[in-house]
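Colleague: So that you have it, the file is upload_2.tsv, and it contains TSV, C-alpha atoms and all ligand atoms:
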chain	number	residue	atom	x	y	z
G	2	MET	CA	9.96	-12.89	5.82
G	3	ASP	CA	7.43	-15.39	7.21
G	4	THR	CA	5.46	-13.36	9.75
G	5	GLU	CA	3.23	-16.25	10.83
G	6	THR	CA	5.99	-18.29	12.44
G	7	ILE	CA	8.02	-15.57	14.12
G	8	ARG	CA	7.36	-13.54	17.24
G	9	ARG	CA	6.13	-9.97	16.76
G	10	PRO	CA	8.93	-7.76	18.08
G	11	LYS	CA	7.99	-5.01	20.54
G	12	ILE	CA	8.81	-1.53	19.30
G	13	VAL	CA	8.17	1.71	21.20
G	14	VAL	CA	8.03	4.71	18.86
G	15	ILE	CA	8.34	8.12	20.51
G	16	GLY	CA	7.52	11.08	18.28
G	17	SER	CA	5.16	13.43	16.53
G	18	CYS	CA	1.60	13.23	15.31
G	19	ASN	CA	0.82	15.71	12.51
G	20	THR	CA	-1.85	16.45	9.97
G	21	ASP	CA	-0.27	16.99	6.54
G	22	MET	CA	-1.65	19.78	4.34
G	23	VAL	CA	-0.34	18.82	0.91
G	24	VAL	CA	-0.31	20.76	-2.36
G	25	LYS	CA	0.95	19.22	-5.62
G	26	ALA	CA	2.75	21.71	-7.85
G	27	PRO	CA	4.83	21.71	-11.05
G	28	ALA	CA	7.88	22.80	-9.01
G	29	LEU	CA	8.74	23.65	-5.40
G	30	PRO	CA	8.47	27.45	-4.86
G	31	LEU	CA	11.72	29.42	-4.47
G	32	PRO	CA	12.08	31.91	-1.58
G	33	GLY	CA	9.83	34.90	-2.30
G	34	GLU	CA	8.04	33.10	-5.13
G	35	THR	CA	4.31	32.38	-5.45
G	36	ILE	CA	3.28	29.65	-7.85
G	37	LEU	CA	-0.04	28.16	-8.86
G	38	GLY	CA	-0.28	24.57	-7.66
G	39	GLY	CA	-2.58	21.66	-8.40
G	40	THR	CA	-4.61	19.49	-6.02
G	41	PHE	CA	-4.79	19.93	-2.24
G	42	SER	CA	-5.22	17.09	0.26
G	43	MET	CA	-5.22	16.75	4.02
G	44	ASN	CA	-3.69	13.50	5.28
G	45	PRO	CA	-2.50	12.02	8.56
G	46	GLY	CA	1.28	12.28	9.00
G	47	GLY	CA	4.07	13.12	11.43
G	48	LYS	CA	7.41	11.33	11.43
G	49	GLY	CA	6.63	9.55	14.69
G	50	ALA	CA	3.20	8.38	13.58
G	51	ASN	CA	4.38	7.34	10.11
G	52	GLN	CA	7.19	5.24	11.59
G	53	ALA	CA	4.83	3.69	14.15
G	54	ILE	CA	2.39	2.66	11.41
G	55	ALA	CA	5.17	1.34	9.18
G	56	ALA	CA	6.48	-0.84	12.03
G	57	ALA	CA	2.94	-2.08	12.83
G	58	ARG	CA	2.08	-2.92	9.21
G	59	LEU	CA	5.38	-4.76	8.87
G	60	GLY	CA	4.80	-7.03	11.82
G	61	ALA	CA	5.72	-5.31	15.10
G	62	ASP	CA	3.72	-4.81	18.28
G	63	VAL	CA	3.92	-1.03	18.50
G	64	THR	CA	3.40	1.36	21.38
G	65	PHE	CA	3.31	4.97	20.22
G	66	ILE	CA	4.23	7.69	22.74
G	67	SER	CA	3.13	11.09	21.50
G	68	LYS	CA	1.15	14.24	22.34
G	69	ILE	CA	-1.86	15.72	20.57
G	70	GLY	CA	-3.89	18.89	21.07
G	71	TYR	CA	-7.46	18.93	22.32
G	72	ASP	CA	-8.84	18.97	18.77
G	73	LEU	CA	-10.35	16.86	16.04
G	74	TYR	CA	-7.06	16.45	14.15
G	75	GLY	CA	-5.49	14.76	17.14
G	76	LEU	CA	-8.55	12.65	17.98
G	77	ASN	CA	-8.86	11.44	14.38
G	78	ALA	CA	-5.19	10.52	14.36
G	79	VAL	CA	-5.55	8.40	17.50
G	80	GLU	CA	-8.48	6.56	15.89
G	81	ILE	CA	-6.24	5.76	12.92
G	82	TYR	CA	-3.50	4.39	15.20
G	83	ARG	CA	-6.05	2.19	16.97
G	84	SER	CA	-7.24	0.83	13.65
G	85	GLU	CA	-3.59	-0.11	12.95
G	86	ARG	CA	-3.55	-2.07	16.24
G	87	ILE	CA	-1.06	0.36	17.80
G	88	ASN	CA	-1.10	0.77	21.58
G	89	THR	CA	-2.26	4.38	22.16
G	90	GLU	CA	-2.23	4.28	25.99
G	91	TYR	CA	0.63	6.81	26.08
G	92	ILE	CA	-0.69	9.40	23.67
G	93	PHE	CA	-1.15	12.41	25.91
G	94	THR	CA	-3.29	15.51	25.36
G	95	ASP	CA	-2.05	19.09	25.69
G	96	PRO	CA	-5.03	21.39	26.37
G	97	LYS	CA	-2.99	24.52	25.51
G	98	HIS	CA	-1.54	23.74	22.09
G	99	PRO	CA	-3.06	22.40	18.85
G	100	SER	CA	-2.05	19.09	17.32
G	101	GLY	CA	0.95	19.25	14.97
G	102	VAL	CA	0.49	20.33	11.36
G	103	ALA	CA	2.84	20.01	8.37
G	104	LEU	CA	2.64	22.20	5.26
G	105	ILE	CA	3.95	20.11	2.37
G	106	SER	CA	4.63	20.94	-1.28
G	107	VAL	CA	5.16	18.00	-3.66
G	108	ASP	CA	6.46	18.57	-7.18
G	109	TYR	CA	5.69	16.47	-10.25
G	110	SER	CA	8.85	14.38	-9.78
G	111	GLY	CA	7.65	13.38	-6.28
G	112	GLU	CA	10.19	15.58	-4.43
G	113	ASN	CA	8.88	17.53	-1.44
G	114	SER	CA	9.57	20.40	0.94
G	115	ILE	CA	8.00	20.49	4.39
G	116	ILE	CA	7.43	22.98	7.23
G	117	VAL	CA	6.20	21.51	10.51
G	118	ALA	CA	4.28	23.48	13.17
G	119	PRO	CA	4.86	20.97	16.00
G	120	GLY	CA	2.15	22.34	18.34
G	121	ALA	CA	1.49	19.79	21.08
G	122	SER	CA	4.46	17.64	19.98
G	123	ARG	CA	6.66	20.34	21.50
G	124	SER	CA	5.24	19.66	24.95
G	125	LEU	CA	6.00	15.93	25.11
G	126	THR	CA	8.14	15.95	28.27
G	127	PRO	CA	10.46	13.60	30.18
G	128	GLU	CA	7.63	13.28	32.75
G	129	ASP	CA	5.45	11.80	30.00
G	130	ILE	CA	8.23	9.33	29.20
G	131	ASP	CA	8.34	8.32	32.89
G	132	LYS	CA	4.70	7.21	32.63
G	133	ALA	CA	5.67	4.73	29.91
G	134	GLU	CA	8.79	3.44	31.66
G	135	ALA	CA	7.51	-0.14	31.98
G	136	ARG	CA	6.78	-0.29	28.22
G	137	ILE	CA	10.20	1.06	27.35
G	138	ALA	CA	11.89	-1.43	29.69
G	139	ASP	CA	10.01	-4.27	28.00
G	140	ALA	CA	10.69	-3.18	24.39
G	141	ASP	CA	13.08	-4.72	21.86
G	142	ILE	CA	13.71	-1.33	20.30
G	143	VAL	CA	12.93	2.33	20.98
G	144	LEU	CA	12.64	4.33	17.74
G	145	MET	CA	12.73	8.15	17.81
G	146	GLN	CA	13.02	11.23	15.58
G	147	LEU	CA	13.46	14.96	16.35
G	148	GLU	CA	10.00	16.50	15.94
G	149	ILE	CA	9.67	16.39	19.75
G	150	PRO	CA	11.94	18.26	22.21
G	151	VAL	CA	15.51	16.97	22.09
G	152	GLU	CA	15.60	16.87	25.94
G	153	THR	CA	12.79	14.31	25.78
G	154	VAL	CA	14.67	12.27	23.18
G	155	GLU	CA	17.81	12.40	25.35
G	156	TYR	CA	15.85	11.34	28.42
G	157	ALA	CA	14.12	8.44	26.67
G	158	ALA	CA	17.40	7.25	25.12
G	159	ALA	CA	19.06	7.20	28.55
G	160	MET	CA	16.09	5.31	29.99
G	161	ALA	CA	16.18	2.73	27.19
G	162	ARG	CA	19.89	2.21	27.63
G	163	LYS	CA	19.43	1.73	31.38
G	164	TYR	CA	17.22	-1.28	30.53
G	165	GLY	CA	19.53	-2.56	27.77
G	166	VAL	CA	16.98	-1.64	25.08
G	167	SER	CA	18.49	-0.68	21.72
G	168	VAL	CA	17.78	2.88	20.49
G	169	VAL	CA	17.30	3.69	16.80
G	170	LEU	CA	17.40	7.42	16.05
G	171	ASN	CA	16.24	9.08	12.85
G	172	PRO	CA	17.78	12.56	13.40
G	173	ALA	CA	15.07	14.37	11.43
G	174	PRO	CA	14.65	17.30	11.06
G	175	ALA	CA	18.43	17.88	10.98
G	176	ALA	CA	19.98	19.12	14.23
G	177	ILE	CA	23.29	19.15	16.08
G	178	LEU	CA	23.13	16.41	18.72
G	179	SER	CA	24.75	16.21	22.16
G	180	GLU	CA	27.43	13.63	22.94
G	181	ALA	CA	25.21	12.36	25.72
G	182	LEU	CA	22.48	11.49	23.23
G	183	LEU	CA	24.82	9.92	20.68
G	184	HIS	CA	26.34	7.79	23.44
G	185	ASN	CA	22.93	6.18	24.06
G	186	VAL	CA	22.03	5.56	20.41
G	187	GLY	CA	22.64	2.11	18.88
G	188	VAL	CA	21.87	2.88	15.23
G	189	ILE	CA	21.46	6.29	13.61
G	190	LEU	CA	19.52	6.69	10.35
G	191	PRO	CA	20.09	10.15	8.82
G	192	ASN	CA	19.24	11.21	5.27
G	193	ARG	CA	21.84	13.08	3.19
G	194	LEU	CA	21.21	16.49	4.74
G	195	GLU	CA	21.08	15.16	8.28
G	196	ALA	CA	24.31	13.22	7.66
G	197	GLU	CA	25.94	16.46	6.48
G	198	MET	CA	24.74	18.27	9.59
G	199	LEU	CA	26.18	15.54	11.83
G	200	SER	CA	29.47	15.03	9.99
G	201	GLY	CA	30.22	18.35	8.29
G	202	ILE	CA	30.63	16.38	5.03
G	203	LYS	CA	28.42	17.04	2.02
G	204	VAL	CA	27.01	13.69	0.97
G	205	ASN	CA	26.52	13.27	-2.77
G	206	ASP	CA	27.91	9.82	-3.65
G	207	GLU	CA	29.18	6.55	-2.21
G	208	GLN	CA	32.61	7.99	-1.36
G	209	THR	CA	31.20	10.95	0.58
G	210	ALA	CA	28.62	8.69	2.27
G	211	TRP	CA	31.53	6.51	3.42
G	212	LEU	CA	33.41	9.55	4.75
G	213	ALA	CA	30.31	10.93	6.50
G	214	SER	CA	29.37	7.59	8.05
G	215	ARG	CA	32.92	7.23	9.41
G	216	ALA	CA	32.83	10.75	10.84
G	217	ILE	CA	29.47	10.05	12.51
G	218	GLY	CA	30.83	6.70	13.72
G	219	ASN	CA	33.76	8.53	15.31
G	220	LYS	CA	31.26	10.30	17.55
G	221	GLY	CA	30.67	6.97	19.25
G	222	ILE	CA	27.93	5.29	17.19
G	223	GLY	CA	29.08	2.01	15.63
G	224	ASP	CA	26.15	1.60	13.28
G	225	VAL	CA	25.16	4.28	10.77
G	226	VAL	CA	22.74	3.98	7.85
G	227	ILE	CA	22.50	7.00	5.54
G	228	THR	CA	19.43	7.07	3.30
G	229	LEU	CA	20.27	8.52	-0.10
G	230	GLY	CA	16.86	8.99	-1.74
G	231	ARG	CA	16.96	7.80	-5.36
G	232	ASP	CA	20.50	6.47	-4.77
G	233	GLY	CA	19.40	3.97	-2.10
G	234	ALA	CA	21.21	3.73	1.23
G	235	PHE	CA	24.72	3.40	2.63
G	236	VAL	CA	25.35	1.08	5.58
G	237	LYS	CA	28.21	1.28	8.08
G	238	ASP	CA	28.10	-1.79	10.33
G	239	ASN	CA	31.09	-1.16	12.61
G	240	ASP	CA	33.96	-1.63	10.13
G	241	GLU	CA	31.90	-3.04	7.25
G	242	TYR	CA	30.57	-0.68	4.59
G	243	THR	CA	27.89	-1.51	2.01
G	244	MET	CA	26.15	0.54	-0.65
G	245	ILE	CA	22.57	-0.58	-1.28
G	246	PRO	CA	21.26	0.64	-4.64
G	247	ALA	CA	17.72	2.02	-4.80
G	248	CYS	CA	14.97	-0.08	-6.36
G	249	ASN	CA	14.00	0.97	-9.85
G	250	VAL	CA	10.54	2.50	-9.39
G	251	GLU	CA	8.72	5.61	-10.59
G	252	ALA	CA	8.48	8.16	-7.76
G	253	VAL	CA	5.02	9.71	-7.35
G	254	ASP	CA	5.40	11.19	-3.85
G	255	THR	CA	8.46	10.65	-1.66
G	256	THR	CA	6.80	12.08	1.48
G	257	GLY	CA	7.43	9.68	4.34
G	258	ALA	CA	9.89	7.45	2.40
G	259	GLY	CA	12.43	7.95	5.16
G	260	ASP	CA	9.79	7.05	7.77
G	261	VAL	CA	8.93	3.79	6.03
G	262	PHE	CA	12.65	3.03	5.82
G	263	CYS	CA	13.08	3.64	9.59
G	264	GLY	CA	9.99	1.62	10.60
G	265	ALA	CA	10.88	-1.30	8.33
G	266	PHE	CA	14.53	-1.24	9.37
G	267	SER	CA	13.60	-1.30	13.07
G	268	VAL	CA	11.30	-4.32	12.67
G	269	CYS	CA	14.14	-6.33	11.09
G	270	LEU	CA	16.66	-5.13	13.65
G	271	ALA	CA	14.34	-6.10	16.49
G	272	ARG	CA	14.19	-9.58	14.96
G	273	GLY	CA	17.98	-9.78	15.17
G	274	LEU	CA	18.77	-9.57	11.44
G	275	PRO	CA	22.17	-8.16	10.33
G	276	LEU	CA	22.22	-4.43	9.59
G	277	LYS	CA	22.71	-4.91	5.84
G	278	GLU	CA	19.65	-7.18	5.58
G	279	CYS	CA	17.61	-4.70	7.63
G	280	ALA	CA	18.60	-1.92	5.23
G	281	GLU	CA	17.84	-4.02	2.14
G	282	PHE	CA	14.36	-4.81	3.45
G	283	ALA	CA	13.81	-1.15	4.37
G	284	ASN	CA	15.02	-0.02	0.94
G	285	THR	CA	12.40	-2.21	-0.73
G	286	ALA	CA	9.63	-1.13	1.66
G	287	ALA	CA	10.44	2.58	1.08
G	288	SER	CA	10.53	2.08	-2.70
G	289	ILE	CA	6.94	0.82	-2.60
G	290	ALA	CA	5.83	3.82	-0.54
G	291	ILE	CA	7.14	6.37	-3.03
G	292	THR	CA	4.98	4.96	-5.83
G	293	ARG	CA	1.87	6.09	-3.93
G	294	ILE	CA	0.48	9.41	-2.77
G	295	GLY	CA	0.55	10.51	0.89
G	296	ALA	CA	2.57	9.47	3.92
G	297	GLN	CA	0.54	6.90	5.86
G	298	SER	CA	-1.69	5.80	2.98
G	299	ALA	CA	1.47	4.81	1.08
G	300	ILE	CA	2.97	2.57	3.77
G	301	PRO	CA	3.16	-1.03	2.53
G	302	TYR	CA	2.12	-4.23	4.34
G	303	MET	CA	4.42	-7.21	4.83
G	304	SER	CA	2.80	-9.19	1.99
G	305	GLU	CA	3.54	-6.35	-0.45
G	306	VAL	CA	7.19	-6.10	0.58
G	307	ASN	CA	7.57	-9.89	0.33
G	308	LEU	CA	6.08	-9.81	-3.18
G	309	ALA	CA	8.50	-7.06	-4.24
G	310	ILE	CA	11.47	-8.96	-2.77
G	311	GLY	CA	10.38	-12.13	-4.61
G	312	ARG	CA	10.13	-10.15	-7.86
G	313	GLN	CA	13.60	-8.62	-7.35
G	314	ARG	CA	15.11	-12.08	-6.68
G	315	ARG	CA	13.57	-13.51	-9.83
G	316	GLU	CA	14.79	-10.54	-11.87
G	317	THR	CA	18.31	-11.00	-10.48
G	318	SER	CA	18.29	-14.72	-11.22
G	319	GLY	CA	16.79	-14.17	-14.69
G	320	ASP	CA	13.65	-16.22	-13.88
G	321	THR	CA	10.79	-13.91	-14.84
G	322	GLU	CA	8.20	-16.66	-15.45
G	323	SER	CA	7.41	-18.13	-12.01
G	324	ALA	CA	4.53	-16.71	-9.98
G	325	ASP	CA	4.82	-14.30	-7.02
G	326	TYR	CA	4.63	-15.93	-3.60
K	1	LIG	P1	11.30	12.02	3.38
K	1	LIG	O1	11.75	13.17	4.25
K	1	LIG	O2	10.79	12.46	2.03
K	1	LIG	O3	10.43	11.06	4.08
K	1	LIG	P2	14.04	11.22	3.61
K	1	LIG	O4	14.76	12.42	3.06
K	1	LIG	O5	14.03	11.01	5.05
K	1	LIG	O6	12.58	11.14	3.01
K	1	LIG	P3	15.30	9.64	1.55
K	1	LIG	O7	16.75	9.43	1.74
K	1	LIG	O8	14.88	10.65	0.54
K	1	LIG	O9	14.66	9.90	2.99
K	1	LIG	O10	14.58	8.27	1.15
K	1	LIG	C1	14.48	7.19	2.04
K	1	LIG	C2	14.54	5.89	1.26
K	1	LIG	O11	13.45	5.83	0.35
K	1	LIG	C3	15.79	5.72	0.40
K	1	LIG	O12	16.88	5.23	1.16
K	1	LIG	C4	15.28	4.72	-0.64
K	1	LIG	O13	15.26	3.43	-0.05
K	1	LIG	C5	13.83	5.16	-0.85
K	1	LIG	N1	13.72	6.13	-1.97
K	1	LIG	C6	13.57	7.47	-1.87
K	1	LIG	N2	13.50	8.04	-3.10
K	1	LIG	C7	13.60	7.02	-3.98
K	1	LIG	C8	13.56	6.93	-5.44
K	1	LIG	N3	13.40	8.03	-6.21
K	1	LIG	N4	13.67	5.70	-6.00
K	1	LIG	C9	13.79	4.58	-5.25
K	1	LIG	N5	13.82	4.59	-3.89
K	1	LIG	C10	13.74	5.79	-3.26
K	2	LIG	O1	8.57	12.47	6.96
K	2	LIG	C1	7.35	12.93	6.46
K	2	LIG	C2	6.60	13.63	7.56
K	2	LIG	O2	7.34	14.77	7.97
K	2	LIG	C3	5.25	14.17	7.15
K	2	LIG	O3	4.20	13.24	7.35
K	2	LIG	C4	5.11	15.44	7.96
K	2	LIG	O4	4.10	15.39	8.92
K	2	LIG	C5	6.48	15.67	8.61
K	2	LIG	O5	6.48	15.31	9.94
Write out the structure in this file as structure tokens.

Modeller:
Amino acid sequence: MDTETIRRPKIVVIGSCNTDMVVKAPALPLPGETILGGTFSMNPGGKGANQAIAAARLGADVTFISKIGYDLYGLNAVEIYRSERINTEYIFTDPKHPSGVALISVDYSGENSIIVAPGASRSLTPEDIDKAEARIADADIVLMQLEIPVETVEYAAAMARKYGVSVVLNPAPAAILSEALLHNVGVILPNRLEAEMLSGIKVNDEQTAWLASRAIGNKGIGDVVITLGRDGAFVKDNDEYTMIPACNVEAVDTTGAGDVFCGAFSVCLARGLPLKECAEFANTAASIAITRIGAQSAIPYMSEVNLAIGRQRRETSGDTESADY
């Protein structure tokens, strides 16, 4: 995608800001089990923040609406967002609760398990959303997840719809959602487990992804994209269904892969590309992220995604000699 010649779409991301406490280990611990792990690192994260940075690095003008505690974790995070040229005007401070933290285990195959202590994210209220009404009204897309109160997500989705702004929802962590919320969502982007929670169908292959996407669609959302980890993604665009195979890469750390997918997808959607093309672009962007450690540090820039797409096209056409563009 040529970013120089096209307008930067305006995306408002509403969601969490966390600090990720990450331990690498040979395997993820079972309930009741203690295991000896490897290295520890502390990195910026949070589904909201990761998606905001992904959208910004991939060419959008991003406003991030979030809440931090009155602490260094939160202040450092805001500095990072500023350095990514994200509008931080609507990042509020909660004097009573600490900034969000996520405890993350990553095994040697790159798989993870995560517990989030949302802290201040839990006090992002509809009143906070009111303060950003003008930004929401002016956006191309509002992108949200569920690490903030669902009432706030419902309120923001209704506000966006009032202004004709399309809502993209990544229903993570998994939750049962109200009809009122689903009615205001344009595109929903669950992973396998979230799709199962929404549809009641266990998703383990293309057939079950098709069934689950139809069941979710029957709740009133025309467009459903289920991310399937190492199996890629499944797209339901009204009555058209497409399986997008994953890129062939070696996974080092899949933390935040879904966030990169959502941010990348939203940038393409805001530019008016068809759903399938948005998902293909997002699939490539997410595949780059999983080859690197961390959530935000792994998020690719547009030039990197373009290079990967060029490489894939040459591989498909059998031309492996010409240079990357
Ligand atoms: P996370 O919670 O770890 O951020 P998620 O569960 O929300 O991720 P996934 O469905 O696991 O999301 O992955 C999102 C996307 O990342 C996939 O649709 C795919 O494009 C890419 N991806 C994830 N794992 C792999 C893999 N092993 N190989 C290639 N691509 C992958
Ligand atoms: O999706 C990955 C993110 O989930 C991590 O950065 C962690 O903070 C949790 O919110």

Colleague: Could you list, as a JSON list (two decimals) with C-alpha atoms, in the frame of the given file, every residue within 12 Å of Asn77 of chain G, counting only C-alpha atoms and ignoring same-chain residues fewer than 3 positions away?

Modeller:
[["chain", "number", "residue", "atom", "x", "y", "z"],
["G", 18, "CYS", "CA", 1.60, 13.23, 15.31],
["G", 19, "ASN", "CA", 0.82, 15.71, 12.51],
["G", 20, "THR", "CA", -1.85, 16.45, 9.97],
["G", 44, "ASN", "CA", -3.69, 13.50, 5.28],
["G", 45, "PRO", "CA", -2.50, 12.02, 8.56],
["G", 46, "GLY", "CA", 1.28, 12.28, 9.00],
["G", 69, "ILE", "CA", -1.86, 15.72, 20.57],
["G", 70, "GLY", "CA", -3.89, 18.89, 21.07],
["G", 71, "TYR", "CA", -7.46, 18.93, 22.32],
["G", 72, "ASP", "CA", -8.84, 18.97, 18.77],
["G", 73, "LEU", "CA", -10.35, 16.86, 16.04],
["G", 74, "TYR", "CA", -7.06, 16.45, 14.15],
["G", 80, "GLU", "CA", -8.48, 6.56, 15.89],
["G", 81, "ILE", "CA", -6.24, 5.76, 12.92],
["G", 82, "TYR", "CA", -3.50, 4.39, 15.20],
["G", 83, "ARG", "CA", -6.05, 2.19, 16.97],
["G", 84, "SER", "CA", -7.24, 0.83, 13.65],
["G", 100, "SER", "CA", -2.05, 19.09, 17.32]]

Colleague: Give the residue list for ligand LIG 1 (chain K) at 6 Å, counting all atoms listed in the file, as a list in words, sorted by chain and then by residue number.

Modeller: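 Protein and nucleic-acid residues within 6 Å of ligand LIG 1 (chain K): Asn192, Thr228, Leu229, Gly230, Arg231, Gly233, Ala234, Ala247, Cys248, Asn249, Val250, Ala252, Thr255, Thr256, Gly257, Ala258, Gly259, Asp260, Phe262, Asn284, Ala287 and Ser288 of chain G.
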
Colleague: For a quick check of understanding, using all atoms listed in the file, which of G:Val143, G:Ala290, G:Ile105, G:Leu274 has the smallest distance to Ile189 of chain G?

Modeller: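 Checking each of G:Val143, G:Ala290, G:Ile105, G:Leu274 against Ile189 of chain G, counting all atoms listed in the file, the winner is G:Val143.
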
Colleague: Around all listed atoms of ligand LIG 2 (chain K), padded 3 Å per side, what centre and edge lengths does the axis-aligned box have in Å to one decimal, as JSON?

Modeller:
{"center_x": 6.3, "center_y": 14.1, "center_z": 8.2, "size_x": 10.5, "size_y": 9.2, "size_z": 9.5}

Colleague: I'd like the contact shell of Ala56 of chain G - 10 Å cut-off, all atoms listed in the file, skipping same-chain residues fewer than 5 positions apart - returned as number ranges by chain.

Modeller: G: 10-14, 50-51, 61-63, 87, 144, 260-269, 300, 302-303

Colleague: Now that the selection is made, can you save its residues with C-alpha atoms as a tab-separated table (two decimals), in the coordinates of the input?

Modeller:
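Saved the output as result.tsv:
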chain	number	residue	atom	x	y	z
G	10	PRO	CA	8.93	-7.76	18.08
G	11	LYS	CA	7.99	-5.01	20.54
G	12	ILE	CA	8.81	-1.53	19.30
G	13	VAL	CA	8.17	1.71	21.20
G	14	VAL	CA	8.03	4.71	18.86
G	50	ALA	CA	3.20	8.38	13.58
G	51	ASN	CA	4.38	7.34	10.11
G	61	ALA	CA	5.72	-5.31	15.10
G	62	ASP	CA	3.72	-4.81	18.28
G	63	VAL	CA	3.92	-1.03	18.50
G	87	ILE	CA	-1.06	0.36	17.80
G	144	LEU	CA	12.64	4.33	17.74
G	260	ASP	CA	9.79	7.05	7.77
G	261	VAL	CA	8.93	3.79	6.03
G	262	PHE	CA	12.65	3.03	5.82
G	263	CYS	CA	13.08	3.64	9.59
G	264	GLY	CA	9.99	1.62	10.60
G	265	ALA	CA	10.88	-1.30	8.33
G	266	PHE	CA	14.53	-1.24	9.37
G	267	SER	CA	13.60	-1.30	13.07
G	268	VAL	CA	11.30	-4.32	12.67
G	269	CYS	CA	14.14	-6.33	11.09
G	300	ILE	CA	2.97	2.57	3.77
G	302	TYR	CA	2.12	-4.23	4.34
G	303	MET	CA	4.42	-7.21	4.83

Colleague: Rounded to one decimal, what separation in Å do you get between atom CA of Leu194 of chain G and atom CA of Asp206 of chain G?

Modeller: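 Between atom CA of Leu194 of chain G and atom CA of Asp206 of chain G the gap works out to 12.6 Å.
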
Colleague: Tell me, in Å to one decimal, how far atom CA of Leu190 of chain G is from atom CA of Asn171 of chain G.

Modeller: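 Interatomic distance, atom CA of Leu190 of chain G to atom CA of Asn171 of chain G: 4.8 Å.
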
Colleague: From the options G:Gly49, G:Pro127, G:Gly223, G:Pro246, which residue's atoms come nearest to Pro172 of chain G, counting only C-alpha atoms?

Modeller: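 The shortest atom-to-atom distance to Pro172 of chain G comes from G:Gly49.
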
Colleague: Could you give me, as a PyMOL selection string, the residues within 9 Å of segment 165-167 of chain G, counting all atoms listed in the file and dropping anything in the same chain fewer than 3 positions from it?

Modeller: chain G and resi 137-144+158+160-162+185-188+271

Colleague: What is the distance, in Å and to one decimal place, between atom CA of Ser124 of chain G and atom CA of Ile149 of chain G?

Modeller: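 We find that atom CA of Ser124 of chain G and atom CA of Ile149 of chain G lie 7.6 Å from each other.
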
Colleague: Which one of G:Arg123, G:His184, G:Lys277, G:Arg136 sits closest to Gly101 of chain G if you count all atoms listed in the file?

Modeller: G:Arg123

Colleague: Which is closer to Ile227 of chain G than all the others in G:Ala283, G:Leu178, G:Val23, G:Ala309, using all atoms listed in the file?

Modeller: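 When distances to Ile227 of chain G are compared using all atoms listed in the file, the smallest one comes from G:Ala283.
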